[in-house]
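*Asks:* For reference, this is upload-v9.txt, and it has compact mmCIF, C-alpha atoms and all ligand atoms.
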# COMPACT_ATOMS: atom_id res chain seq x y z
CA MET A 1 89.30 -228.63 144.41
CA LYS A 2 86.46 -226.34 145.59
CA THR A 3 86.26 -222.98 143.82
CA ARG A 4 83.50 -221.32 145.87
CA LYS A 5 84.08 -217.55 145.91
CA PRO A 6 85.59 -216.40 149.22
CA SER A 7 83.50 -214.08 151.39
CA ILE A 8 85.69 -211.11 150.56
CA ASP A 9 84.23 -207.61 150.21
CA PHE A 10 86.00 -206.66 146.96
CA PRO A 11 85.95 -208.08 143.41
CA VAL A 12 88.11 -211.19 143.00
CA GLU A 13 88.78 -213.71 140.26
CA ILE A 14 90.52 -217.05 140.11
CA VAL A 15 93.86 -217.42 138.32
CA SER A 16 96.11 -220.42 137.62
CA GLU A 17 99.86 -220.13 138.07
CA GLY A 18 102.31 -223.02 138.19
CA GLU A 19 100.35 -225.86 139.81
CA VAL A 20 98.01 -223.73 141.93
CA LYS A 21 94.75 -221.88 141.54
CA VAL A 22 94.21 -218.84 143.72
CA PHE A 23 91.71 -216.04 144.15
CA VAL A 24 93.26 -212.65 143.44
CA PRO A 25 91.79 -209.14 143.26
CA LYS A 26 90.06 -208.52 139.92
CA LEU A 27 92.56 -205.88 138.81
CA GLU A 28 90.46 -204.14 136.15
CA ALA A 29 87.89 -203.28 138.84
CA PHE A 30 90.46 -201.02 140.54
CA VAL A 31 91.70 -199.03 137.57
CA GLU A 32 90.09 -195.58 137.47
CA LYS A 33 92.49 -193.77 135.15
CA PRO A 34 94.51 -195.41 132.33
CA GLN A 35 97.77 -194.50 134.10
CA ASP A 36 96.70 -196.27 137.33
CA TYR A 37 98.99 -199.13 138.39
CA ALA A 38 96.35 -201.77 139.12
CA PRO A 39 98.33 -204.04 141.53
CA SER A 40 98.80 -201.24 144.07
CA LYS A 41 95.24 -199.85 143.64
CA ALA A 42 93.65 -203.18 144.65
CA PRO A 43 92.90 -203.82 148.36
CA VAL A 44 95.28 -206.81 148.24
CA PHE A 45 98.49 -206.65 146.23
CA TYR A 46 98.76 -209.01 143.27
CA ASN A 47 100.95 -208.52 140.20
CA PRO A 48 100.54 -211.01 137.33
CA VAL A 49 103.76 -209.68 135.74
CA MET A 50 105.72 -211.18 138.66
CA GLU A 51 104.89 -214.74 137.54
CA LEU A 52 108.45 -215.07 136.20
CA ASN A 53 109.78 -213.87 139.57
CA ARG A 54 107.66 -216.52 141.35
CA ASP A 55 108.63 -219.24 138.83
CA PHE A 56 112.31 -218.54 139.50
CA ALA A 57 111.56 -218.51 143.25
CA VAL A 58 110.03 -222.01 143.02
CA LEU A 59 112.99 -223.31 140.99
CA ALA A 60 115.55 -221.74 143.34
CA MET A 61 113.75 -223.07 146.42
CA GLN A 62 113.72 -226.56 144.91
CA ALA A 63 117.40 -226.29 143.96
CA TYR A 64 118.21 -225.26 147.55
CA GLN A 65 116.16 -228.16 148.95
CA ARG A 66 118.05 -230.58 146.64
CA MET A 67 121.35 -229.08 147.83
CA VAL A 68 120.62 -229.60 151.52
CA ASN A 69 118.66 -232.80 150.88
CA ARG A 70 116.33 -232.58 153.89
CA GLU A 71 112.87 -231.24 154.67
CA ILE A 72 112.82 -227.44 154.81
CA THR A 73 110.68 -224.80 156.49
CA ILE A 74 109.90 -221.61 154.59
CA CYS A 75 108.53 -218.20 155.56
CA GLU A 76 107.14 -215.54 153.24
CA PRO A 77 106.60 -212.56 155.55
CA LEU A 78 105.18 -210.20 152.86
CA ALA A 79 102.83 -212.56 151.10
CA GLY A 80 99.93 -210.57 149.62
CA CYS A 81 97.30 -213.11 148.48
CA GLY A 82 99.69 -215.96 149.37
CA ILE A 83 100.36 -217.17 145.84
CA ARG A 84 104.14 -217.51 146.25
CA GLY A 85 104.09 -219.38 149.58
CA ILE A 86 101.28 -221.63 148.34
CA ARG A 87 103.34 -222.44 145.25
CA PHE A 88 106.33 -223.34 147.47
CA ALA A 89 104.19 -225.81 149.43
CA LYS A 90 102.57 -227.32 146.33
CA GLU A 91 105.43 -227.33 143.82
CA VAL A 92 108.62 -227.79 145.83
CA VAL A 93 109.41 -231.33 146.94
CA GLY A 94 110.67 -231.66 150.55
CA VAL A 95 108.87 -228.68 152.07
CA LYS A 96 107.79 -229.41 155.64
CA ASN A 97 105.75 -226.25 156.15
CA VAL A 98 105.32 -222.70 154.94
CA LEU A 99 104.34 -219.62 156.93
CA VAL A 100 102.78 -216.81 154.89
CA ASN A 101 102.16 -213.46 156.53
CA ASP A 102 100.88 -210.02 155.61
CA ILE A 103 100.15 -206.91 157.66
CA ASN A 104 97.07 -206.22 155.54
CA GLU A 105 94.08 -208.02 157.06
CA LYS A 106 92.38 -208.41 153.69
CA ALA A 107 95.52 -210.03 152.26
CA PHE A 108 95.70 -212.36 155.27
CA LYS A 109 92.05 -213.44 154.82
CA LEU A 110 92.50 -214.01 151.10
CA ALA A 111 95.74 -215.99 151.71
CA LYS A 112 93.95 -218.11 154.30
CA TYR A 113 91.19 -218.84 151.83
CA ASN A 114 93.69 -219.68 149.08
CA ILE A 115 95.50 -222.11 151.38
CA GLU A 116 92.24 -224.01 151.97
CA LEU A 117 91.34 -223.85 148.30
CA ASN A 118 94.56 -225.69 147.47
CA GLY A 119 94.08 -228.26 150.25
CA LEU A 120 97.20 -227.10 152.09
CA SER A 121 95.83 -226.17 155.53
CA GLU A 122 97.97 -228.80 157.23
CA ARG A 123 101.28 -227.49 155.87
CA VAL A 124 100.70 -223.77 155.23
CA ASN A 125 99.81 -221.28 157.95
CA ALA A 126 98.76 -217.66 157.47
CA MET A 127 99.46 -214.83 159.91
CA ASN A 128 98.53 -211.16 160.09
CA GLU A 129 101.51 -209.41 161.72
CA ASP A 130 104.10 -206.81 160.95
CA ALA A 131 106.88 -208.71 159.15
CA ASN A 132 109.66 -207.51 161.47
CA PHE A 133 107.63 -208.45 164.54
CA LEU A 134 106.91 -211.89 163.10
CA LEU A 135 110.54 -212.51 162.12
CA ALA A 136 111.77 -211.37 165.56
CA CYS A 137 109.63 -214.16 167.07
CA TYR A 138 111.64 -216.67 164.99
CA GLY A 139 115.10 -215.22 165.69
CA ALA A 140 116.17 -217.63 168.43
CA PRO A 141 118.29 -220.76 167.68
CA ARG A 142 116.15 -223.80 166.76
CA LYS A 143 113.18 -221.54 165.95
CA ARG A 144 114.70 -220.23 162.74
CA PHE A 145 113.54 -220.99 159.19
CA ASP A 146 115.50 -222.82 156.52
CA ALA A 147 114.41 -220.33 153.89
CA LEU A 148 112.90 -216.88 153.68
CA ASP A 149 111.52 -214.99 150.69
CA ILE A 150 111.33 -211.21 151.16
CA ASP A 151 109.19 -209.73 148.39
CA PRO A 152 108.33 -206.16 149.43
CA PHE A 153 107.08 -203.00 147.76
CA GLY A 154 110.32 -201.19 146.86
CA SER A 155 113.31 -201.96 149.04
CA PRO A 156 113.90 -205.12 151.13
CA THR A 157 116.26 -203.26 153.51
CA PRO A 158 113.66 -202.50 156.26
CA PHE A 159 113.35 -206.29 156.72
CA LEU A 160 116.98 -207.35 156.26
CA ASP A 161 118.15 -207.42 159.89
CA SER A 162 115.20 -209.42 161.16
CA ALA A 163 115.30 -211.75 158.12
CA ILE A 164 119.01 -212.51 158.64
CA ARG A 165 118.37 -213.32 162.31
CA ALA A 166 115.43 -215.60 161.51
CA ILE A 167 117.40 -217.87 159.13
CA ARG A 168 119.34 -220.87 160.42
CA ASP A 169 123.03 -221.45 159.71
CA GLY A 170 123.26 -222.59 156.08
CA GLY A 171 119.77 -221.23 155.39
CA PHE A 172 118.57 -219.56 152.22
CA LEU A 173 117.43 -215.97 151.71
CA ALA A 174 115.64 -214.58 148.64
CA LEU A 175 115.23 -210.83 148.19
CA THR A 176 113.32 -208.71 145.68
CA ALA A 177 114.10 -205.02 145.16
CA THR A 178 111.80 -202.96 142.94
CA ASP A 179 113.22 -199.55 143.85
CA MET A 180 115.27 -199.34 140.69
CA ALA A 181 115.27 -195.50 140.63
CA PRO A 182 117.52 -195.27 143.72
CA LEU A 183 119.54 -198.37 142.80
CA CYS A 184 120.18 -197.22 139.22
CA GLY A 185 121.34 -193.77 140.29
CA ILE A 186 118.26 -191.65 139.52
CA CYS A 187 117.82 -190.93 143.25
CA PRO A 188 121.37 -191.49 144.61
CA LYS A 189 120.65 -190.08 148.07
CA ALA A 190 117.85 -192.61 148.62
CA CYS A 191 120.24 -195.40 147.56
CA LEU A 192 122.90 -194.27 150.01
CA ARG A 193 120.30 -194.10 152.79
CA LYS A 194 118.80 -197.51 152.09
CA TYR A 195 121.73 -199.56 150.84
CA GLY A 196 124.75 -197.71 152.27
CA GLY A 197 126.37 -197.48 148.82
CA LYS A 198 126.53 -194.88 146.05
CA PRO A 199 124.88 -195.89 142.75
CA LEU A 200 126.01 -194.61 139.36
CA ARG A 201 123.87 -193.82 136.33
CA THR A 202 125.89 -195.78 133.80
CA GLU A 203 124.78 -198.08 130.98
CA TYR A 204 125.46 -201.04 133.31
CA CYS A 205 123.52 -199.57 136.26
CA HIS A 206 121.43 -202.77 136.59
CA GLU A 207 124.52 -204.77 137.46
CA ILE A 208 125.59 -202.05 139.91
CA ALA A 209 122.08 -202.29 141.44
CA VAL A 210 122.44 -206.05 142.04
CA ARG A 211 125.93 -205.52 143.50
CA LEU A 212 124.65 -202.78 145.83
CA VAL A 213 121.87 -205.04 147.16
CA ILE A 214 124.27 -207.96 147.72
CA GLY A 215 126.78 -205.56 149.30
CA CYS A 216 124.12 -204.30 151.68
CA LEU A 217 123.17 -207.89 152.54
CA ALA A 218 126.84 -208.77 153.21
CA ALA A 219 127.38 -205.70 155.43
CA THR A 220 124.14 -206.28 157.36
CA ALA A 221 124.86 -210.01 157.87
CA ALA A 222 128.45 -209.24 158.97
CA LYS A 223 127.11 -207.35 162.01
CA TYR A 224 125.76 -210.69 163.25
CA GLU A 225 128.99 -212.56 162.29
CA ILE A 226 127.25 -214.15 159.33
CA GLY A 227 128.75 -214.56 155.86
CA ILE A 228 126.85 -214.73 152.57
CA ASN A 229 127.22 -216.77 149.41
CA PRO A 230 125.12 -215.55 146.47
CA LEU A 231 123.79 -218.49 144.43
CA PHE A 232 121.60 -216.75 141.88
CA SER A 233 121.04 -213.06 141.08
CA TYR A 234 119.36 -211.35 138.17
CA SER A 235 117.67 -208.15 137.09
CA THR A 236 114.80 -208.01 134.63
CA ASP A 237 111.64 -205.96 133.91
CA HIS A 238 111.28 -203.49 136.83
CA TYR A 239 113.01 -205.42 139.62
CA LEU A 240 116.01 -207.45 140.72
CA ARG A 241 116.33 -210.64 142.77
CA VAL A 242 119.12 -212.03 144.92
CA TYR A 243 119.30 -215.56 146.37
CA ALA A 244 122.02 -216.27 148.91
CA ILE A 245 123.06 -218.82 151.51
CA LEU A 246 123.83 -217.43 154.97
CA GLN A 247 126.72 -219.03 156.86
CA HIS A 248 127.35 -218.33 160.53
CA GLY A 249 130.85 -217.46 161.78
CA ALA A 250 133.05 -214.37 162.09
CA GLU A 251 135.51 -215.75 159.51
CA LYS A 252 132.70 -216.29 156.99
CA ALA A 253 131.57 -212.71 157.59
CA ASP A 254 135.15 -211.43 157.12
CA ARG A 255 135.47 -213.40 153.88
CA SER A 256 132.24 -211.81 152.58
CA LEU A 257 133.41 -208.33 153.52
CA SER A 258 136.70 -208.94 151.69
CA LYS A 259 134.64 -209.11 148.47
CA MET A 260 133.34 -205.57 148.89
CA GLY A 261 134.77 -202.65 146.97
CA TYR A 262 134.05 -199.99 144.37
CA ILE A 263 133.55 -199.64 140.64
CA LEU A 264 135.31 -196.64 139.09
CA HIS A 265 133.90 -195.22 135.87
CA CYS A 266 134.98 -192.62 133.32
CA PHE A 267 132.02 -190.85 131.73
CA LYS A 268 134.32 -189.42 129.05
CA CYS A 269 135.79 -192.56 127.49
CA PHE A 270 133.80 -195.55 128.96
CA HIS A 271 136.80 -196.82 130.97
CA ARG A 272 135.78 -198.78 134.06
CA GLU A 273 137.67 -200.71 136.71
CA THR A 274 137.11 -202.26 140.11
CA LEU A 275 138.82 -201.20 143.29
CA ASP A 276 138.96 -203.46 146.33
CA LYS A 277 138.57 -202.21 149.87
CA ASN A 278 142.31 -201.59 150.21
CA PHE A 279 142.05 -198.60 147.82
CA ARG A 280 145.20 -199.57 145.94
CA VAL A 281 144.74 -197.16 143.05
CA SER A 282 147.79 -196.16 141.04
CA HIS A 283 146.38 -193.29 139.03
CA GLY A 284 145.14 -190.87 141.70
CA GLY A 285 141.47 -190.99 140.74
CA LYS A 286 142.17 -189.99 137.10
CA CYS A 287 141.15 -192.15 134.17
CA PRO A 288 144.19 -194.20 133.05
CA GLU A 289 142.88 -194.16 129.47
CA CYS A 290 142.00 -190.47 128.96
CA GLY A 291 142.99 -188.58 132.13
CA ALA A 292 139.46 -187.34 133.01
CA ASN A 293 138.18 -187.53 136.61
CA LEU A 294 136.73 -190.92 137.53
CA ASP A 295 133.36 -191.29 139.27
CA PHE A 296 132.56 -194.28 141.49
CA ALA A 297 129.82 -196.65 142.69
CA GLY A 298 129.91 -198.42 146.05
CA PRO A 299 130.77 -199.81 148.43
CA LEU A 300 129.27 -202.81 146.70
CA TRP A 301 129.76 -206.55 146.19
CA LEU A 302 132.59 -207.41 143.79
CA GLY A 303 132.30 -211.19 144.20
CA LYS A 304 130.36 -213.59 142.00
CA LEU A 305 126.65 -212.91 141.50
CA SER A 306 125.62 -216.51 140.81
CA ASN A 307 126.86 -220.06 141.17
CA LYS A 308 127.11 -222.37 138.15
CA GLU A 309 126.10 -225.63 139.88
CA PHE A 310 123.08 -223.92 141.40
CA CYS A 311 122.00 -222.60 137.97
CA ILE A 312 122.35 -226.12 136.55
CA LEU A 313 120.14 -227.47 139.36
CA MET A 314 117.56 -224.79 138.53
CA GLU A 315 117.71 -225.66 134.83
CA LYS A 316 117.04 -229.32 135.64
CA GLU A 317 114.04 -228.34 137.78
CA ALA A 318 112.71 -226.05 135.04
CA GLU A 319 112.75 -228.89 132.50
CA LYS A 320 110.52 -231.01 134.76
CA ARG A 321 107.77 -228.37 135.03
CA LYS A 322 105.13 -226.84 132.81
CA LEU A 323 105.93 -223.16 133.31
CA LYS A 324 104.43 -220.51 131.03
CA SER A 325 107.73 -218.61 130.92
CA LEU A 326 109.93 -221.70 130.44
CA ARG A 327 111.69 -220.33 127.34
CA ARG A 328 112.51 -217.04 129.04
CA ILE A 329 113.69 -218.84 132.18
CA GLN A 330 115.99 -221.07 130.14
CA LYS A 331 117.39 -218.10 128.24
CA ILE A 332 118.13 -216.11 131.40
CA LEU A 333 119.73 -219.13 133.11
CA ALA A 334 121.90 -219.87 130.06
CA LEU A 335 123.12 -216.24 129.93
CA ILE A 336 123.79 -216.14 133.67
CA LYS A 337 125.86 -219.32 133.44
CA GLU A 338 127.83 -217.81 130.56
CA GLU A 339 128.56 -214.52 132.30
CA LEU A 340 129.28 -215.63 135.84
CA ASN A 341 133.07 -215.75 135.47
CA ALA A 342 133.26 -212.56 133.41
CA PRO A 343 134.64 -209.29 134.84
CA ALA A 344 132.31 -206.85 136.60
CA THR A 345 130.44 -204.33 134.37
CA TYR A 346 129.57 -204.60 130.67
CA TYR A 347 129.78 -202.45 127.56
CA VAL A 348 126.49 -201.60 125.83
CA LEU A 349 126.98 -201.59 122.07
CA ASP A 350 124.18 -199.06 121.37
CA LYS A 351 125.73 -196.60 123.80
CA LEU A 352 129.29 -196.96 122.46
CA CYS A 353 128.20 -196.84 118.81
CA ASP A 354 125.92 -193.88 119.46
CA GLU A 355 128.83 -191.95 120.96
CA MET A 356 131.10 -192.95 118.08
CA GLY A 357 128.50 -192.30 115.34
CA LEU A 358 128.70 -195.91 114.15
CA PRO A 359 125.98 -198.39 113.15
CA VAL A 360 125.35 -200.98 115.89
CA PRO A 361 126.79 -204.41 115.00
CA SER A 362 125.25 -207.61 116.34
CA ALA A 363 126.40 -208.61 119.82
CA LYS A 364 127.31 -212.06 118.47
CA LYS A 365 129.66 -210.55 115.87
CA VAL A 366 131.44 -208.42 118.49
CA LEU A 367 131.69 -211.42 120.77
CA TYR A 368 133.29 -213.48 118.02
CA LEU A 369 135.83 -210.76 117.17
CA LEU A 370 136.76 -210.21 120.83
CA LYS A 371 137.38 -213.92 121.35
CA GLU A 372 139.35 -214.09 118.10
CA LYS A 373 141.65 -211.37 119.48
CA GLY A 374 142.16 -213.37 122.68
CA PHE A 375 139.88 -211.37 124.98
CA GLN A 376 137.48 -212.86 127.47
CA ALA A 377 133.96 -212.06 126.21
CA SER A 378 130.39 -213.05 127.01
CA LEU A 379 126.84 -211.84 126.55
CA THR A 380 124.91 -210.77 129.65
CA HIS A 381 121.33 -211.27 130.78
CA PHE A 382 121.35 -207.64 131.98
CA ASN A 383 121.10 -206.20 128.46
CA PRO A 384 120.63 -207.81 125.00
CA LYS A 385 123.25 -205.40 123.61
CA GLY A 386 125.60 -205.84 126.57
CA ILE A 387 129.06 -207.43 126.32
CA LYS A 388 131.19 -208.40 129.28
CA SER A 389 134.88 -208.38 128.45
CA ASP A 390 138.36 -207.80 129.80
CA ALA A 391 139.06 -205.59 126.77
CA SER A 392 139.68 -201.94 127.71
CA ALA A 393 137.33 -199.18 126.52
CA GLU A 394 139.96 -198.17 123.95
CA GLU A 395 140.25 -201.74 122.64
CA MET A 396 136.45 -202.06 122.47
CA LYS A 397 136.19 -198.87 120.46
CA LYS A 398 138.94 -199.98 118.05
CA LEU A 399 137.15 -203.27 117.55
CA LEU A 400 133.83 -201.54 116.83
CA GLN A 401 135.50 -199.37 114.20
CA MET A 402 136.87 -202.56 112.62
CA THR A 403 133.41 -204.16 112.44
CA VAL A 404 132.23 -201.18 110.38
CA ALA A 405 135.29 -201.16 108.15
CA ALA A 406 135.01 -204.96 107.54
C1 LIG B 1 104.87 -206.84 146.73
S1 LIG B 1 103.62 -207.34 147.83
C2 LIG B 1 103.86 -209.07 148.01
C3 LIG B 1 103.54 -209.88 146.81
C4 LIG B 1 103.67 -211.37 147.00
N1 LIG B 1 104.92 -211.74 147.64
C5 LIG B 1 103.53 -212.10 145.68
O1 LIG B 1 104.46 -212.81 145.23
O2 LIG B 1 102.44 -211.96 145.07
C6 LIG B 1 104.16 -206.72 149.37
C7 LIG B 1 103.23 -207.05 150.52
O3 LIG B 1 103.85 -206.63 151.73
C8 LIG B 1 102.81 -206.27 152.64
N2 LIG B 1 103.45 -205.48 153.69
C9 LIG B 1 103.92 -204.20 153.60
N3 LIG B 1 104.50 -203.84 154.78
C10 LIG B 1 104.42 -204.91 155.61
C11 LIG B 1 104.87 -205.17 156.93
N4 LIG B 1 105.52 -204.26 157.63
N5 LIG B 1 104.63 -206.40 157.45
C12 LIG B 1 103.97 -207.35 156.75
N6 LIG B 1 103.51 -207.16 155.49
C13 LIG B 1 103.74 -205.96 154.91
C14 LIG B 1 101.81 -205.55 151.77
O4 LIG B 1 100.53 -205.55 152.37
C15 LIG B 1 101.87 -206.36 150.47
O5 LIG B 1 100.86 -207.32 150.43
ZN ZN B 2 138.51 -191.92 130.46
Using structure tokens, write down the structure from this file.

*Replies:*
Amino acid sequence: MKTRKPSIDFPVEIVSEGEVKVFVPKLEAFVEKPQDYAPSKAPVFYNPVMELNRDFAVLAMQAYQRMVNREITICEPLAGCGIRGIRFAKEVVGVKNVLVNDINEKAFKLAKYNIELNGLSERVNAMNEDANFLLACYGAPRKRFDALDIDPFGSPTPFLDSAIRAIRDGGFLALTATDMAPLCGICPKACLRKYGGKPLRTEYCHEIAVRLVIGCLAATAAKYEIGINPLFSYSTDHYLRVYAILQHGAEKADRSLSKMGYILHCFKCFHRETLDKNFRVSHGGKCPECGANLDFAGPLWLGKLSNKEFCILMEKEAEKRKLKSLRRIQKILALIKEELNAPATYYVLDKLCDEMGLPVPSAKKVLYLLKEKGFQASLTHFNPKGIKSDASAEEMKKLLQMTVAA
């Protein structure tokens, strides 16, 4: 492998990630003040913290390829230095070709160089277009990609329509959202504008965020008579990711839309419940546990966030690879498998105990007691102190009081 420095007019350095080596901007050269966020100060975007995101992307892409069991074509329309697309070509078995693209000319040149550096010029192409323009060129039948990875700054919604149209029937779409302030209810108006759903600043806002993104994907795909099937979704650090299969057909779209609805929440007593699109609510918008007014989040996705078999495929792929974050990947996958049949929303022990003036018990102890009492209960990857359960807020609070008394 040649490691000659590319003729790029800004400081770069070589980094190893997964099985590739790529030139990236030398981030410390672009930090002027300590509070500067280096990845967005550099002339080409590169964020080393997103290695976990890219590791998961490689595993999910491989799991998808194993599922369909044929050669796949992939496009990464917002590629930065190209690291993600290059990893797909190098690390995923059964990839026919990858198209990486970025509107930034410096990113395009660096990606092109990195493709050569990894000896992938025959299977990876770089382009320098606006992502929506590029995707529109691949929107016709037989031109479409098998898989697309949309990894933008902030929200993926400006690229959703063209991405959905550029994926073949049965194809695979991966989305990143880093605009957690709107999605978690800090800027609700921005969330409504971008995702068409109202967020809610609750202790389980990260799950609401994932459900809002999937809901927006389902609603956008439905316009084109396309249904969605989420295979793997998670939220960690400062972002969330959604991986879904797109299936063509009006019935598939209708089935997806039937999984949309609302989450109702009581800020007084922690009660929460889901409400499907038919609005069959018996208590007139008042909390059935304490009588206070309920607030709501949505419309959002009330269906499953991940698929067990797909997570197992990803686990198998993870075991085969030398990934720096292997332990963390395995932990997240194990939690996601555990929680995928649990009800929507979770209780956060710190929050409940804080309100009740109680010491915080271990999540494992609460889990054990809930199961002993016959409730459904699981941990969640969304929060180390989070518990998913069908126990009501009142029952949860009683149980917490018992753990202190015991
Ligand atoms: C978060 S970065 C991508 C990081 C990359 N996917 C990775 O894993 O390292 C987002 C990229 O989108 C590019 N971009 C922003 N708007 C674009 C547009 N309309 N069309 C194409 N690229 C765009 C930016 O130049 C930036 O490189
Ligand atoms: Zn209440």

*Asks:* Between A:Lys259, A:His265, A:Lys189, A:Lys41, single out the one closest to ligand ZN 2 (chain B), counting all atoms listed in the file.

*Replies:*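 Smallest separation from ligand ZN 2 (chain B) among the options: A:His265.
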
*Asks:* Taking only C-alpha atoms into account, which of A:Val124, A:Leu302, A:His381, A:Ala166 comes nearest Ala140 in chain A?

*Replies:* A:Ala166

*Asks:* Which chains and residue numbers are within 9 Å of ligand LIG 1 (chain B), counting all atoms listed in the file, if I want them as a VMD selection string?

*Replies:* chain A and resid 39 to 40 43 to 48 50 to 51 53 to 54 76 to 85 101 to 108 128 to 134 149 to 154 158 to 159 176 178

*Asks:* Can you work out which residues are within 6 Å of ligand ZN 2 (chain B), considering all atoms listed in the file, and then hand them over as a VMD selection string?

*Replies:* chain A and resid 266 268 to 269 271 287 289 to 292

*Asks:* If you measure from CA of Ile115 in chain A to CA of Ser16 in chain A, what distance in Å do you get, rounded to one decimal?

*Replies:*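 About the pair CA of Ile115 in chain A and CA of Ser16 in chain A: they are 13.9 Å apart.
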
*Asks:* List as number ranges by chain the residues having at least one atom at most 9 Å from position (118.6, -211.7, 150.1) as given in the file, counting only C-alpha atoms.

*Replies:* A: 148-150, 156, 160, 163-164, 172-176, 213-214, 217, 230, 241-245

*Asks:* Could you please determine the separation between CA of Asn293 in chain A and CA of Pro188 in chain A in Å, to one decimal place?

*Replies:*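 Separating CA of Asn293 in chain A from CA of Pro188 in chain A is a distance of 19.0 Å.
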
*Asks:* Can you tell me which residues surround Lys26 in chain A at a distance of at most 6 Å, considering all atoms listed in the file, apart from same-chain residues fewer than 2 positions away, and format the answer as a list of chain:residue names?

*Replies:*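 Those residues are A:Pro11, A:Val12, A:Glu13, A:Glu28, A:Ala29.
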
*Asks:* Record the distance separating CA of Asn97 in chain A and CA of Arg123 in chain A, expressed in Å with one decimal.

*Replies:*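 Separating CA of Asn97 in chain A from CA of Arg123 in chain A is a distance of 4.6 Å.
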
*Asks:* For a cut-off of 6 Å around (128.9, -204.8, 146.5), file coordinates, pick out all residues using all atoms listed in the file and list them as a PyMOL selection string.

*Replies:* chain A and resi 211-212+214-215+260+299-302

*Asks:* Let me make sure I understand: among A:Phe382, A:Phe30, A:Tyr64, A:Tyr113, which one has the smallest atom-to-atom distance to Val95 in chain A if we use all atoms listed in the file?

*Replies:*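 Smallest separation from Val95 in chain A among the options: A:Tyr64.
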
*Asks:* When you look at Gly374 in chain A with a cut-off of 12 Å (counting all atoms listed in the file), what residues show up, excluding the ones that are within fewer than 2 positions of it in the same chain? I need them as a ChimeraX atom specification.

*Replies:* /A:367-372,376-377,389-391,395

*Asks:* List the spatial neighbours of Asp254 in chain A as a PyMOL selection string - criterion: any atom at most 9 Å away, only C-alpha atoms, same-chain residues fewer than 4 positions off excluded.

*Replies:* chain A and resi 222+225-227+249-250+258-259

*Asks:* Which residues come within 9 Å of Glu315 in chain A, counting all atoms listed in the file, excluding same-chain residues fewer than 5 positions away, as a VMD selection string?

*Replies:* chain A and resid 59 310 320 329 to 330 333 to 334

*Asks:* With distances taken over only C-alpha atoms, which residue among A:Lys286, A:Arg272, A:Lys364, A:Arg328 lies nearest Ala393 in chain A?

*Replies:*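 Answer, going by the shortest atom-to-atom distance: A:Arg272.
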
*Asks:* Might you pull out every residue within 8 Å of Asp169 in chain A, with all atoms listed in the file counted and same-chain residues fewer than 2 positions away left off, and present them as JSON, numbers by chain?

*Replies:* {"A": [167, 171, 246, 247, 248]}

*Asks:* Select, from A:Cys191, A:Leu99, A:Lys398, A:Ala60, the residue with the minimum atom-to-atom distance to Cys311 in chain A, counting only C-alpha atoms.

*Replies:*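 For Cys311 in chain A, the nearest of the candidates is A:Ala60.
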
*Asks:* Please tabulate, as a tab-separated table, the residues of range 239-296 of chain A that come within 12 Å of range 180-186 of chain A, each with its closest pair of atoms and the distance in Å to one decimal, counting all atoms listed in the file and ordering rows by chain, then residue number upward.

*Replies:*
residue	atom	partner	partner_atom	distance
A:Tyr239	CA	A:Met180	CA	6.6
A:Leu240	CA	A:Met180	CA	8.1
A:Arg241	CA	A:Met180	CA	11.5
A:Phe296	CA	A:Gly185	CA	11.3

*Asks:* Atoms to include: C-alpha atoms. Write the selected residues as a compact mmCIF listing (two decimals), in the coordinates of the input.

*Replies:*
# COMPACT_ATOMS: atom_id res chain seq x y z
CA TYR A 239 113.01 -205.42 139.62
CA LEU A 240 116.01 -207.45 140.72
CA ARG A 241 116.33 -210.64 142.77
CA PHE A 296 132.56 -194.28 141.49

*Asks:* Could I get range 290-306 of chain A from the block written out with C-alpha atoms, as a tab-separated table (two decimals), in the first residue's frame?

*Replies:*
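What landed in decode-v1.tsv:
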chain	number	residue	atom	x	y	z
A	290	CYS	CA	-53.54	11.01	38.52
A	291	GLY	CA	-56.01	13.06	36.45
A	292	ALA	CA	-53.49	15.70	35.25
A	293	ASN	CA	-53.45	16.83	31.60
A	294	LEU	CA	-51.45	14.54	29.31
A	295	ASP	CA	-48.88	15.87	26.85
A	296	PHE	CA	-48.00	13.99	23.65
A	297	ALA	CA	-45.24	13.17	21.15
A	298	GLY	CA	-45.89	12.30	17.51
A	299	PRO	CA	-47.04	11.27	15.06
A	300	LEU	CA	-44.24	8.75	15.34
A	301	TRP	CA	-43.42	5.09	14.69
A	302	LEU	CA	-44.94	2.71	17.25
A	303	GLY	CA	-43.70	-0.49	15.57
A	304	LYS	CA	-40.54	-2.42	16.37
A	305	LEU	CA	-37.24	-0.53	16.22
A	306	SER	CA	-35.04	-3.54	15.44
